[in-house]
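Enquirer: Got a structure for you, written out below as structure tokens; questions coming shortly.
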Amino acid sequence: MTLAIVLAAGTSAAGLTTASGEPLADRLAAQLRRAGADEVRFAATLDELAALADAADGPLLISGTDLVAHTAVLRHLATSPVGPTVALVLTDPPVPGRTAVREERGQIVDAGPLDALDGDATGVFGGALRVGVDDLPTLAAAARAAAVGARPITAPLGPAGDVSPLPSAGEAGPGDPGSAVDRLVAGLAALGTLIFAQRVRLLVAHRVEDSAGLVAAETAVTAVDEDRAELRLSVKEKDDFFSTYFVSTWSPYVVRLAARLRLTPTGVTVISVLFALAAAVLFGVGGRPALVGGAVLLYLGFVLDCVDGQLARYTRHFSAWGGWLDTMADRAKEYLVYAGLGFGVSHAGLGNGWALAIAAMTLQTVRHMTDTWYGVLHDEAARRPRTTAGASGGIGDRLNAASTRVQADTGSLSYWLKRTVVFPIGERWALIALTVALFNPLVSLIAVLVWGGLAFAYTGALRTLRARWMWVPVLDTVDATLHRDDGPLARRLPVVRPMGPLTLAVLAALGPAVLLVAALVGDSPSGLRWAVPVALLALLAGGLGAGAAHNGPLDWLVPAALRAAEYLFAIAVGVVGGAPGWLIFGYVFVLTVHHYDLTARLEKRQTAPPLHAATLGWDGRSVLLALAAIAGIVSIGMATLGAYLLVVFVASVVLAWFVRPARSARASAAPVGAGGVAPR
């Protein structure tokens, strides 16, 4: 149940009347109901709001009485999928008593009076916010502190328990003319709440002070063409070059058609997977007509990949399941295409296509792991002050400033170069489609490997320098054991602290890499069976850092290094054991699905998969493969273990997304005293 609260304290707009003669506060209440609120309450003071927050069992929509907005703006706020707690942000010029905000990657990392932000303000608070259930206790605390003009006490900066004094929650006291909702959001930010920004584009929202401002704002709201605006808003504000100019210029028409056909975003995702699968089959078949047809299907599949998200934004149909499925489907589609290209290369006698496909999949997965964790690092750095060691100066500082300038220069040559050189998915799809249509699958896979490798080197070097400057631990803020994917063996190994977990993870990858190179260049890979236990011991060195603190400036690279180590070991064992290329590809593909599930859960802030312990960890899986190699049954062992992991993954998905939610729904619906439990 979503409760909406209209907060009237501390604003001169409380008595304003709309053109229809209706009090502005009453119209806001009606709009909040149409935006999705199940109930609307009025609160005259912050203390009343705190009491409502204490009693609430669902998210709260909170608005001041000075907001004039299109109803769709409030609906977007109520349904925003970016996070549980979201605040409206405007580009209007700040006025006294209003809260200015500073954003980083869509998150509000600072909020308060304009002069307190030292010129770093990126917008002003729009007078409305949605607060998630988990943040309601913090909301109540911030409301009570703001009601008496108190400062929030302190907020922890990390699991180490270090704390720092926080800035004022807003204006000085309960009688201050500043809006209560402004003091409230400043207090929430001061207490360290993760607040996402909901910017107003195309649709209109303004905060008003007097009748003249109200009339002007109402006129602007009335002039909005809602459907046209919603359709344009379905397209991402900042996307990659290929997506922006070769997809989003016409995909909104597909979105409107899909909406009229009552297709769901999940349904469009499934169709896009089928297009990619058909393209992969055509790439494997070979022949110019098949290759050109596959390239066309691949492009259309990518268009549909964009349409599913656009349709979700257009219809406001968001779900955690849909977001997870979209993330997993993106990677599955890409790797199915790699498989089709690899088979096509081998089928045409152009070379070892499976080796190239395995290399492309491994490279892309490790790249994605670094992308994910660098994003977490960047967000964490934005939310907390830098330590003295990395506070200012140095090449990392200059790189950070240069990146900020380029990102702000939207549409410039440097902006597009920066977004394109990193080889995003749109550019990967375009490169594959063009090279396979004009040349052949071999050229396509080589092009993907070359550009992907250069992009990895470029982003890795710059991010390493910037990370050393930020000096912010990340893995210590999450369940490091889960995201390292440690198994029972790694968790029981002694800790070698002087070397650090990243050094040990890199060393773990070197042993399998040496074995793989030796197997590939040698005349008799099977003769290296004796070296498999040696490579395993080197690999298990990564487990010696499992229990150490992951608080170094580069320890965010540990998960990616461990992924590389496990994949290299599996590939090396497969080559030494004479396993067919398609089987090695399939096994590594199953591993990537498992690891993408972990990163998707990290991005969506979800708990571990239900059957995570049954996946055995990177160490347990590698030991089983090594035993299969020693026994001379690598193909059987790899096929059996891969099938087992796939079954565990599917069972985990069914439990997490269907069985457990159904049980929870039944438990919530059961009446007390009839074998059920009371709704919470």
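How things are named: the first chain in the structure tokens is A, the next is B, and so on; residues count from 1 in each chain; ligands count from 1 in the order shown.
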Which neighbours of region 218-231 of chain A fall inside 9 Å, counting only C-alpha atoms, when residues of the same chain fewer than 6 positions from it are skipped, and could you give them as a PDB file with all heavy atoms, in the first residue's frame?
Expert:
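Okay, result01.pdb is ready:
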```pdb
ATOM      1  N   THR A  18      -6.269  27.321  -7.269  1.00  0.00           N
ATOM      2  CA  THR A  18      -6.045  27.101  -8.697  1.00  0.00           C
ATOM      3  C   THR A  18      -7.078  27.855  -9.522  1.00  0.00           C
ATOM      4  O   THR A  18      -8.040  28.435  -8.987  1.00  0.00           O
ATOM      5  CB  THR A  18      -6.117  25.603  -9.017  1.00  0.00           C
ATOM      6  OG1 THR A  18      -7.454  25.150  -8.795  1.00  0.00           O
ATOM      7  CG2 THR A  18      -5.169  24.813  -8.139  1.00  0.00           C
ATOM      8  N   ALA A  19      -6.915  27.823 -10.842  1.00  0.00           N
ATOM      9  CA  ALA A  19      -7.826  28.529 -11.740  1.00  0.00           C
ATOM     10  C   ALA A  19      -9.248  27.999 -11.627  1.00  0.00           C
ATOM     11  O   ALA A  19     -10.218  28.720 -11.889  1.00  0.00           O
ATOM     12  CB  ALA A  19      -7.326  28.401 -13.176  1.00  0.00           C
ATOM     13  N   VAL A  68       3.340  22.628  -8.526  1.00  0.00           N
ATOM     14  CA  VAL A  68       2.402  22.584  -9.644  1.00  0.00           C
ATOM     15  C   VAL A  68       3.043  21.690 -10.697  1.00  0.00           C
ATOM     16  O   VAL A  68       4.077  22.040 -11.269  1.00  0.00           O
ATOM     17  CB  VAL A  68       2.124  23.983 -10.213  1.00  0.00           C
ATOM     18  CG1 VAL A  68       1.184  23.881 -11.419  1.00  0.00           C
ATOM     19  CG2 VAL A  68       1.520  24.879  -9.152  1.00  0.00           C
ATOM     20  N   ALA A  69       2.460  20.538 -10.934  1.00  0.00           N
ATOM     21  CA  ALA A  69       3.087  19.558 -11.817  1.00  0.00           C
ATOM     22  C   ALA A  69       2.037  18.810 -12.612  1.00  0.00           C
ATOM     23  O   ALA A  69       0.883  18.665 -12.181  1.00  0.00           O
ATOM     24  CB  ALA A  69       3.911  18.563 -10.999  1.00  0.00           C
ATOM     25  N   HIS A  70       2.463  18.348 -13.780  1.00  0.00           N
ATOM     26  CA  HIS A  70       1.621  17.437 -14.546  1.00  0.00           C
ATOM     27  C   HIS A  70       1.478  16.152 -13.745  1.00  0.00           C
ATOM     28  O   HIS A  70       2.422  15.697 -13.098  1.00  0.00           O
ATOM     29  CB  HIS A  70       2.272  17.155 -15.904  1.00  0.00           C
ATOM     30  CG  HIS A  70       1.335  16.588 -16.910  1.00  0.00           C
ATOM     31  ND1 HIS A  70       0.890  15.288 -16.854  1.00  0.00           N
ATOM     32  CD2 HIS A  70       0.740  17.137 -18.008  1.00  0.00           C
ATOM     33  CE1 HIS A  70       0.077  15.052 -17.863  1.00  0.00           C
ATOM     34  NE2 HIS A  70      -0.034  16.162 -18.585  1.00  0.00           N
ATOM     35  N   ALA A  72       1.482  13.211 -14.650  1.00  0.00           N
ATOM     36  CA  ALA A  72       2.440  12.196 -15.092  1.00  0.00           C
ATOM     37  C   ALA A  72       3.769  12.328 -14.365  1.00  0.00           C
ATOM     38  O   ALA A  72       4.477  11.332 -14.174  1.00  0.00           O
ATOM     39  CB  ALA A  72       2.657  12.293 -16.601  1.00  0.00           C
ATOM     40  N   ARG A 201      11.753  15.993 -17.483  1.00  0.00           N
ATOM     41  CA  ARG A 201      12.025  16.322 -18.883  1.00  0.00           C
ATOM     42  C   ARG A 201      10.702  16.336 -19.642  1.00  0.00           C
ATOM     43  O   ARG A 201       9.903  15.419 -19.505  1.00  0.00           O
ATOM     44  CB  ARG A 201      12.946  15.285 -19.520  1.00  0.00           C
ATOM     45  CG  ARG A 201      14.333  15.228 -18.986  1.00  0.00           C
ATOM     46  CD  ARG A 201      15.223  14.380 -19.899  1.00  0.00           C
ATOM     47  NE  ARG A 201      14.807  12.995 -19.982  1.00  0.00           N
ATOM     48  CZ  ARG A 201      14.686  12.306 -21.116  1.00  0.00           C
ATOM     49  NH1 ARG A 201      14.931  12.889 -22.275  1.00  0.00           N
ATOM     50  NH2 ARG A 201      14.318  11.037 -21.107  1.00  0.00           N
ATOM     51  N   LEU A 202      10.479  17.386 -20.438  1.00  0.00           N
ATOM     52  CA  LEU A 202       9.314  17.526 -21.304  1.00  0.00           C
ATOM     53  C   LEU A 202       8.025  17.749 -20.519  1.00  0.00           C
ATOM     54  O   LEU A 202       7.273  18.687 -20.795  1.00  0.00           O
ATOM     55  CB  LEU A 202       9.175  16.302 -22.218  1.00  0.00           C
ATOM     56  CG  LEU A 202      10.385  15.986 -23.096  1.00  0.00           C
ATOM     57  CD1 LEU A 202      10.124  14.745 -23.946  1.00  0.00           C
ATOM     58  CD2 LEU A 202      10.756  17.153 -23.979  1.00  0.00           C
ATOM     59  N   LEU A 203       7.733  16.899 -19.571  1.00  0.00           N
ATOM     60  CA  LEU A 203       6.613  17.155 -18.668  1.00  0.00           C
ATOM     61  C   LEU A 203       6.985  18.318 -17.750  1.00  0.00           C
ATOM     62  O   LEU A 203       8.162  18.587 -17.522  1.00  0.00           O
ATOM     63  CB  LEU A 203       6.287  15.909 -17.858  1.00  0.00           C
ATOM     64  CG  LEU A 203       5.872  14.678 -18.678  1.00  0.00           C
ATOM     65  CD1 LEU A 203       5.853  13.449 -17.794  1.00  0.00           C
ATOM     66  CD2 LEU A 203       4.522  14.896 -19.333  1.00  0.00           C
ATOM     67  N   VAL A 204       6.000  18.985 -17.194  1.00  0.00           N
ATOM     68  CA  VAL A 204       6.241  20.250 -16.492  1.00  0.00           C
ATOM     69  C   VAL A 204       6.029  20.098 -14.996  1.00  0.00           C
ATOM     70  O   VAL A 204       5.082  19.449 -14.548  1.00  0.00           O
ATOM     71  CB  VAL A 204       5.315  21.355 -17.042  1.00  0.00           C
ATOM     72  CG1 VAL A 204       5.458  22.643 -16.233  1.00  0.00           C
ATOM     73  CG2 VAL A 204       5.632  21.621 -18.514  1.00  0.00           C
ATOM     74  N   ALA A 205       6.925  20.698 -14.227  1.00  0.00           N
ATOM     75  CA  ALA A 205       6.762  20.799 -12.773  1.00  0.00           C
ATOM     76  C   ALA A 205       7.475  22.056 -12.303  1.00  0.00           C
ATOM     77  O   ALA A 205       8.616  22.323 -12.715  1.00  0.00           O
ATOM     78  CB  ALA A 205       7.314  19.577 -12.069  1.00  0.00           C
ATOM     79  N   PRO A 252      10.581   4.586 -31.078  1.00  0.00           N
ATOM     80  CA  PRO A 252       9.337   4.966 -30.392  1.00  0.00           C
ATOM     81  C   PRO A 252       8.074   4.579 -31.152  1.00  0.00           C
ATOM     82  O   PRO A 252       7.038   4.312 -30.536  1.00  0.00           O
ATOM     83  CB  PRO A 252       9.468   6.489 -30.268  1.00  0.00           C
ATOM     84  CG  PRO A 252      10.941   6.728 -30.182  1.00  0.00           C
ATOM     85  CD  PRO A 252      11.528   5.714 -31.127  1.00  0.00           C
ATOM     86  N   TYR A 253       8.142   4.530 -32.489  1.00  0.00           N
ATOM     87  CA  TYR A 253       6.972   4.085 -33.255  1.00  0.00           C
ATOM     88  C   TYR A 253       6.679   2.612 -32.967  1.00  0.00           C
ATOM     89  O   TYR A 253       5.515   2.201 -32.896  1.00  0.00           O
ATOM     90  CB  TYR A 253       7.216   4.304 -34.744  1.00  0.00           C
ATOM     91  CG  TYR A 253       7.463   5.744 -35.110  1.00  0.00           C
ATOM     92  CD1 TYR A 253       8.738   6.186 -35.444  1.00  0.00           C
ATOM     93  CD2 TYR A 253       6.419   6.675 -35.105  1.00  0.00           C
ATOM     94  CE1 TYR A 253       8.971   7.512 -35.768  1.00  0.00           C
ATOM     95  CE2 TYR A 253       6.645   8.005 -35.424  1.00  0.00           C
ATOM     96  CZ  TYR A 253       7.925   8.425 -35.757  1.00  0.00           C
ATOM     97  OH  TYR A 253       8.153   9.737 -36.072  1.00  0.00           O
ATOM     98  N   VAL A 255       7.433   1.204 -30.146  1.00  0.00           N
ATOM     99  CA  VAL A 255       6.923   1.215 -28.771  1.00  0.00           C
ATOM    100  C   VAL A 255       5.424   1.471 -28.757  1.00  0.00           C
ATOM    101  O   VAL A 255       4.654   0.775 -28.074  1.00  0.00           O
ATOM    102  CB  VAL A 255       7.666   2.286 -27.943  1.00  0.00           C
ATOM    103  CG1 VAL A 255       6.992   2.475 -26.593  1.00  0.00           C
ATOM    104  CG2 VAL A 255       9.126   1.908 -27.756  1.00  0.00           C
ATOM    105  N   ARG A 256       4.998   2.467 -29.537  1.00  0.00           N
ATOM    106  CA  ARG A 256       3.564   2.774 -29.573  1.00  0.00           C
ATOM    107  C   ARG A 256       2.769   1.594 -30.133  1.00  0.00           C
ATOM    108  O   ARG A 256       1.694   1.245 -29.610  1.00  0.00           O
ATOM    109  CB  ARG A 256       3.336   4.024 -30.415  1.00  0.00           C
ATOM    110  CG  ARG A 256       1.857   4.421 -30.540  1.00  0.00           C
ATOM    111  CD  ARG A 256       1.732   5.723 -31.295  1.00  0.00           C
ATOM    112  NE  ARG A 256       2.064   6.856 -30.453  1.00  0.00           N
ATOM    113  CZ  ARG A 256       2.399   8.060 -30.925  1.00  0.00           C
ATOM    114  NH1 ARG A 256       2.488   8.253 -32.230  1.00  0.00           N
ATOM    115  NH2 ARG A 256       2.662   9.051 -30.093  1.00  0.00           N
ATOM    116  N   GLN A 310      12.098   0.851 -23.399  1.00  0.00           N
ATOM    117  CA  GLN A 310      11.297   2.018 -23.750  1.00  0.00           C
ATOM    118  C   GLN A 310       9.818   1.767 -23.491  1.00  0.00           C
ATOM    119  O   GLN A 310       9.089   2.649 -23.024  1.00  0.00           O
ATOM    120  CB  GLN A 310      11.546   2.390 -25.208  1.00  0.00           C
ATOM    121  CG  GLN A 310      12.959   2.886 -25.481  1.00  0.00           C
ATOM    122  CD  GLN A 310      13.252   3.048 -26.958  1.00  0.00           C
ATOM    123  OE1 GLN A 310      12.382   2.855 -27.804  1.00  0.00           O
ATOM    124  NE2 GLN A 310      14.492   3.393 -27.283  1.00  0.00           N
ATOM    125  N   LEU A 311       9.377   0.549 -23.789  1.00  0.00           N
ATOM    126  CA  LEU A 311       7.979   0.200 -23.528  1.00  0.00           C
ATOM    127  C   LEU A 311       7.681   0.211 -22.031  1.00  0.00           C
ATOM    128  O   LEU A 311       6.603   0.657 -21.602  1.00  0.00           O
ATOM    129  CB  LEU A 311       7.675  -1.177 -24.124  1.00  0.00           C
ATOM    130  CG  LEU A 311       6.241  -1.692 -23.957  1.00  0.00           C
ATOM    131  CD1 LEU A 311       5.255  -0.779 -24.672  1.00  0.00           C
ATOM    132  CD2 LEU A 311       6.125  -3.127 -24.476  1.00  0.00           C
ATOM    133  N   ARG A 313       9.121   2.092 -19.806  1.00  0.00           N
ATOM    134  CA  ARG A 313       9.032   3.496 -19.390  1.00  0.00           C
ATOM    135  C   ARG A 313       7.768   4.154 -19.910  1.00  0.00           C
ATOM    136  O   ARG A 313       7.171   4.998 -19.233  1.00  0.00           O
ATOM    137  CB  ARG A 313      10.276   4.254 -19.860  1.00  0.00           C
ATOM    138  CG  ARG A 313      11.539   3.867 -19.101  1.00  0.00           C
ATOM    139  CD  ARG A 313      12.726   4.720 -19.510  1.00  0.00           C
ATOM    140  NE  ARG A 313      13.257   4.341 -20.823  1.00  0.00           N
ATOM    141  CZ  ARG A 313      14.165   3.410 -21.025  1.00  0.00           C
ATOM    142  NH1 ARG A 313      14.647   2.728 -19.994  1.00  0.00           N
ATOM    143  NH2 ARG A 313      14.602   3.132 -22.244  1.00  0.00           N
ATOM    144  N   TYR A 314       7.354   3.785 -21.120  1.00  0.00           N
ATOM    145  CA  TYR A 314       6.160   4.393 -21.717  1.00  0.00           C
ATOM    146  C   TYR A 314       4.898   3.962 -20.973  1.00  0.00           C
ATOM    147  O   TYR A 314       3.999   4.769 -20.721  1.00  0.00           O
ATOM    148  CB  TYR A 314       6.079   3.994 -23.189  1.00  0.00           C
ATOM    149  CG  TYR A 314       4.890   4.549 -23.938  1.00  0.00           C
ATOM    150  CD1 TYR A 314       4.709   5.921 -24.087  1.00  0.00           C
ATOM    151  CD2 TYR A 314       3.951   3.692 -24.525  1.00  0.00           C
ATOM    152  CE1 TYR A 314       3.619   6.425 -24.791  1.00  0.00           C
ATOM    153  CE2 TYR A 314       2.863   4.188 -25.238  1.00  0.00           C
ATOM    154  CZ  TYR A 314       2.707   5.556 -25.361  1.00  0.00           C
ATOM    155  OH  TYR A 314       1.635   6.061 -26.052  1.00  0.00           O
ATOM    156  N   THR A 315       4.804   2.689 -20.641  1.00  0.00           N
ATOM    157  CA  THR A 315       3.610   2.168 -19.966  1.00  0.00           C
ATOM    158  C   THR A 315       3.729   2.195 -18.452  1.00  0.00           C
ATOM    159  O   THR A 315       2.754   1.904 -17.756  1.00  0.00           O
ATOM    160  CB  THR A 315       3.340   0.723 -20.415  1.00  0.00           C
ATOM    161  OG1 THR A 315       4.477  -0.093 -20.080  1.00  0.00           O
ATOM    162  CG2 THR A 315       3.102   0.664 -21.917  1.00  0.00           C
TER     163      THR A 315
END
```
Enquirer: Please list as a ChimeraX atom specification every residue within 10 Å of region 634-646 of chain A, counting only C-alpha atoms and excluding residues in the same chain fewer than 4 positions away.
Expert: /A:570,573-580,583-584,586-591,593-594,614-616,621,624-630,650-652
Enquirer: I need the residues from that last selection saved to file as an mmCIF file, in the first residue's frame (with N, CA and C atoms), if you can.
Expert:
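Writing the result to again-v6.cif gives the following:
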```
data_model
loop_
_atom_site.group_PDB
_atom_site.id
_atom_site.type_symbol
_atom_site.label_atom_id
_atom_site.label_comp_id
_atom_site.auth_asym_id
_atom_site.auth_seq_id
_atom_site.Cartn_x
_atom_site.Cartn_y
_atom_site.Cartn_z
ATOM 1 N N ALA A 570 39.297 -23.402 -16.448
ATOM 2 C CA ALA A 570 38.355 -24.313 -17.111
ATOM 3 C C ALA A 570 38.733 -24.518 -18.572
ATOM 4 N N VAL A 573 41.936 -26.705 -18.736
ATOM 5 C CA VAL A 573 41.632 -28.111 -18.458
ATOM 6 C C VAL A 573 40.929 -28.748 -19.657
ATOM 7 N N GLY A 574 40.023 -27.997 -20.273
ATOM 8 C CA GLY A 574 39.334 -28.523 -21.437
ATOM 9 C C GLY A 574 40.275 -28.804 -22.592
ATOM 10 N N VAL A 575 41.230 -27.889 -22.827
ATOM 11 C CA VAL A 575 42.192 -28.086 -23.914
ATOM 12 C C VAL A 575 43.105 -29.270 -23.607
ATOM 13 N N VAL A 576 43.610 -29.334 -22.377
ATOM 14 C CA VAL A 576 44.488 -30.447 -21.999
ATOM 15 C C VAL A 576 43.754 -31.774 -22.092
ATOM 16 N N GLY A 577 42.487 -31.774 -21.692
ATOM 17 C CA GLY A 577 41.718 -33.020 -21.696
ATOM 18 C C GLY A 577 41.103 -33.362 -23.034
ATOM 19 N N GLY A 578 41.325 -32.540 -24.050
ATOM 20 C CA GLY A 578 40.800 -32.839 -25.373
ATOM 21 C C GLY A 578 39.305 -32.670 -25.507
ATOM 22 N N ALA A 579 38.683 -31.828 -24.666
ATOM 23 C CA ALA A 579 37.243 -31.596 -24.773
ATOM 24 C C ALA A 579 36.946 -30.807 -26.048
ATOM 25 N N PRO A 580 35.833 -31.078 -26.708
ATOM 26 C CA PRO A 580 35.494 -30.317 -27.917
ATOM 27 C C PRO A 580 35.240 -28.847 -27.597
ATOM 28 N N LEU A 583 31.865 -27.779 -26.179
ATOM 29 C CA LEU A 583 31.617 -28.141 -24.786
ATOM 30 C C LEU A 583 32.294 -27.150 -23.840
ATOM 31 N N ILE A 584 33.524 -26.759 -24.166
ATOM 32 C CA ILE A 584 34.210 -25.761 -23.344
ATOM 33 C C ILE A 584 33.422 -24.452 -23.361
ATOM 34 N N GLY A 586 30.224 -24.079 -23.895
ATOM 35 C CA GLY A 586 28.998 -24.256 -23.132
ATOM 36 C C GLY A 586 29.227 -24.200 -21.635
ATOM 37 N N TYR A 587 30.327 -24.804 -21.175
ATOM 38 C CA TYR A 587 30.601 -24.787 -19.742
ATOM 39 C C TYR A 587 30.894 -23.370 -19.260
ATOM 40 N N VAL A 588 31.751 -22.659 -19.980
ATOM 41 C CA VAL A 588 32.063 -21.284 -19.584
ATOM 42 C C VAL A 588 30.817 -20.410 -19.674
ATOM 43 N N PHE A 589 29.959 -20.665 -20.660
ATOM 44 C CA PHE A 589 28.702 -19.917 -20.777
ATOM 45 C C PHE A 589 27.857 -20.090 -19.520
ATOM 46 N N VAL A 590 27.749 -21.309 -19.016
ATOM 47 C CA VAL A 590 26.981 -21.542 -17.785
ATOM 48 C C VAL A 590 27.604 -20.777 -16.623
ATOM 49 N N LEU A 591 28.939 -20.754 -16.550
ATOM 50 C CA LEU A 591 29.598 -19.976 -15.493
ATOM 51 C C LEU A 591 29.259 -18.497 -15.604
ATOM 52 N N VAL A 593 26.600 -17.123 -16.885
ATOM 53 C CA VAL A 593 25.211 -16.915 -16.475
ATOM 54 C C VAL A 593 25.126 -16.819 -14.957
ATOM 55 N N HIS A 594 25.818 -17.717 -14.273
ATOM 56 C CA HIS A 594 25.842 -17.691 -12.806
ATOM 57 C C HIS A 594 26.427 -16.381 -12.286
ATOM 58 N N ALA A 614 24.881 -24.256 -3.345
ATOM 59 C CA ALA A 614 24.961 -25.466 -4.165
ATOM 60 C C ALA A 614 25.817 -25.268 -5.412
ATOM 61 N N THR A 615 26.223 -24.036 -5.717
ATOM 62 C CA THR A 615 27.065 -23.806 -6.896
ATOM 63 C C THR A 615 28.534 -24.110 -6.612
ATOM 64 N N LEU A 616 28.890 -24.382 -5.369
ATOM 65 C CA LEU A 616 30.201 -24.906 -4.962
ATOM 66 C C LEU A 616 31.326 -23.875 -4.923
ATOM 67 N N ARG A 621 34.325 -25.814 -7.874
ATOM 68 C CA ARG A 621 34.144 -26.213 -9.270
ATOM 69 C C ARG A 621 35.487 -26.543 -9.929
ATOM 70 N N LEU A 624 36.847 -29.977 -8.849
ATOM 71 C CA LEU A 624 36.166 -31.074 -9.533
ATOM 72 C C LEU A 624 36.672 -31.234 -10.967
ATOM 73 N N LEU A 625 36.902 -30.115 -11.658
ATOM 74 C CA LEU A 625 37.445 -30.206 -13.013
ATOM 75 C C LEU A 625 38.851 -30.797 -13.006
ATOM 76 N N ALA A 626 39.652 -30.402 -12.013
ATOM 77 C CA ALA A 626 41.011 -30.937 -11.924
ATOM 78 C C ALA A 626 40.980 -32.444 -11.684
ATOM 79 N N LEU A 627 40.077 -32.919 -10.832
ATOM 80 C CA LEU A 627 39.950 -34.355 -10.594
ATOM 81 C C LEU A 627 39.536 -35.087 -11.868
ATOM 82 N N ALA A 628 38.635 -34.456 -12.649
ATOM 83 C CA ALA A 628 38.233 -35.071 -13.913
ATOM 84 C C ALA A 628 39.412 -35.158 -14.876
ATOM 85 N N ALA A 629 40.279 -34.129 -14.865
ATOM 86 C CA ALA A 629 41.458 -34.148 -15.736
ATOM 87 C C ALA A 629 42.427 -35.239 -15.315
ATOM 88 N N ILE A 630 42.644 -35.361 -14.016
ATOM 89 C CA ILE A 630 43.552 -36.402 -13.520
ATOM 90 C C ILE A 630 43.022 -37.790 -13.868
ATOM 91 N N VAL A 650 18.584 -22.755 -12.874
ATOM 92 C CA VAL A 650 17.169 -22.698 -13.220
ATOM 93 C C VAL A 650 16.299 -22.877 -11.976
ATOM 94 N N ALA A 651 16.662 -23.823 -11.120
ATOM 95 C CA ALA A 651 15.900 -24.043 -9.888
ATOM 96 C C ALA A 651 15.955 -22.813 -8.991
ATOM 97 N N SER A 652 17.121 -22.175 -8.937
ATOM 98 C CA SER A 652 17.276 -20.973 -8.124
ATOM 99 C C SER A 652 16.402 -19.835 -8.649
#
```
Enquirer: Skip region 111-121 of chain A itself and residues of its chain fewer than 2 positions away, then list as a PDB file with C-alpha atoms, in the first residue's frame all residues within 9 Å of it, counting only C-alpha atoms.
Expert:
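Here's the written file around-v1.pdb:
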```pdb
ATOM      1  CA  PRO A  94      17.075  28.281  -6.501  1.00  0.00           C
ATOM      2  CA  VAL A  95      15.312  30.665  -4.140  1.00  0.00           C
ATOM      3  CA  PRO A  96      15.809  31.210  -0.385  1.00  0.00           C
ATOM      4  CA  GLY A  97      14.416  28.380   1.706  1.00  0.00           C
ATOM      5  CA  ARG A  98      14.712  25.840  -1.109  1.00  0.00           C
ATOM      6  CA  THR A  99      17.123  22.918  -1.052  1.00  0.00           C
ATOM      7  CA  ALA A 100      19.754  22.638  -3.772  1.00  0.00           C
ATOM      8  CA  VAL A 101      21.148  19.229  -4.699  1.00  0.00           C
ATOM      9  CA  ARG A 102      24.298  17.764  -6.209  1.00  0.00           C
ATOM     10  CA  GLU A 103      23.951  14.612  -8.301  1.00  0.00           C
ATOM     11  CA  ILE A 108      21.707  12.836  -4.843  1.00  0.00           C
ATOM     12  CA  VAL A 109      24.976  12.893  -2.944  1.00  0.00           C
ATOM     13  CA  GLY A 123      19.620  21.256  -9.570  1.00  0.00           C
ATOM     14  CA  VAL A 124      17.035  22.100  -6.939  1.00  0.00           C
ATOM     15  CA  PHE A 125      14.743  19.794  -5.013  1.00  0.00           C
ATOM     16  CA  PRO A 167      25.760  19.066   7.872  1.00  0.00           C
ATOM     17  CA  SER A 168      22.612  20.766   9.102  1.00  0.00           C
ATOM     18  CA  ALA A 169      19.336  19.235   8.060  1.00  0.00           C
ATOM     19  CA  GLY A 170      18.105  22.552   6.771  1.00  0.00           C
ATOM     20  CA  GLU A 171      17.046  25.896   8.192  1.00  0.00           C
ATOM     21  CA  ASP A 182      12.998  21.047   1.917  1.00  0.00           C
ATOM     22  CA  ARG A 183      14.333  20.605   5.433  1.00  0.00           C
ATOM     23  CA  VAL A 185      15.003  15.993   2.148  1.00  0.00           C
ATOM     24  CA  ALA A 186      18.149  17.777   3.340  1.00  0.00           C
ATOM     25  CA  GLY A 187      17.956  15.839   6.583  1.00  0.00           C
ATOM     26  CA  LEU A 188      17.507  12.542   4.735  1.00  0.00           C
ATOM     27  CA  ALA A 189      20.594  13.250   2.635  1.00  0.00           C
ATOM     28  CA  ALA A 190      22.542  14.269   5.724  1.00  0.00           C
TER      29      ALA A 190
END
```
Enquirer: Excluding Thr2 (chain A) and its own-chain neighbours fewer than 2 positions away, which residues fall within 9 Å of it when counting only C-alpha atoms? Please give them as number ranges by chain.
Expert: A: 4, 36-40, 56-61, 78
Enquirer: Going by DSSP on the backbone, which residues of region 168-255 of chain A come out as alpha helix (DSSP H)? List them as a PyMOL selection string.
Expert: chain A and resi 180-190+211-222+226-233+241-246+251-255
Enquirer: Could you name the residues that touch Leu482 (chain A) at 12 Å or less, counting only C-alpha atoms, but leaving out those on the same chain fewer than 2 positions away, as a PyMOL selection string?
Expert: chain A and resi 475-476+478-480+484-488+490-491+546+559+594-595+597-599+601-602+606-609+612-613+615-618
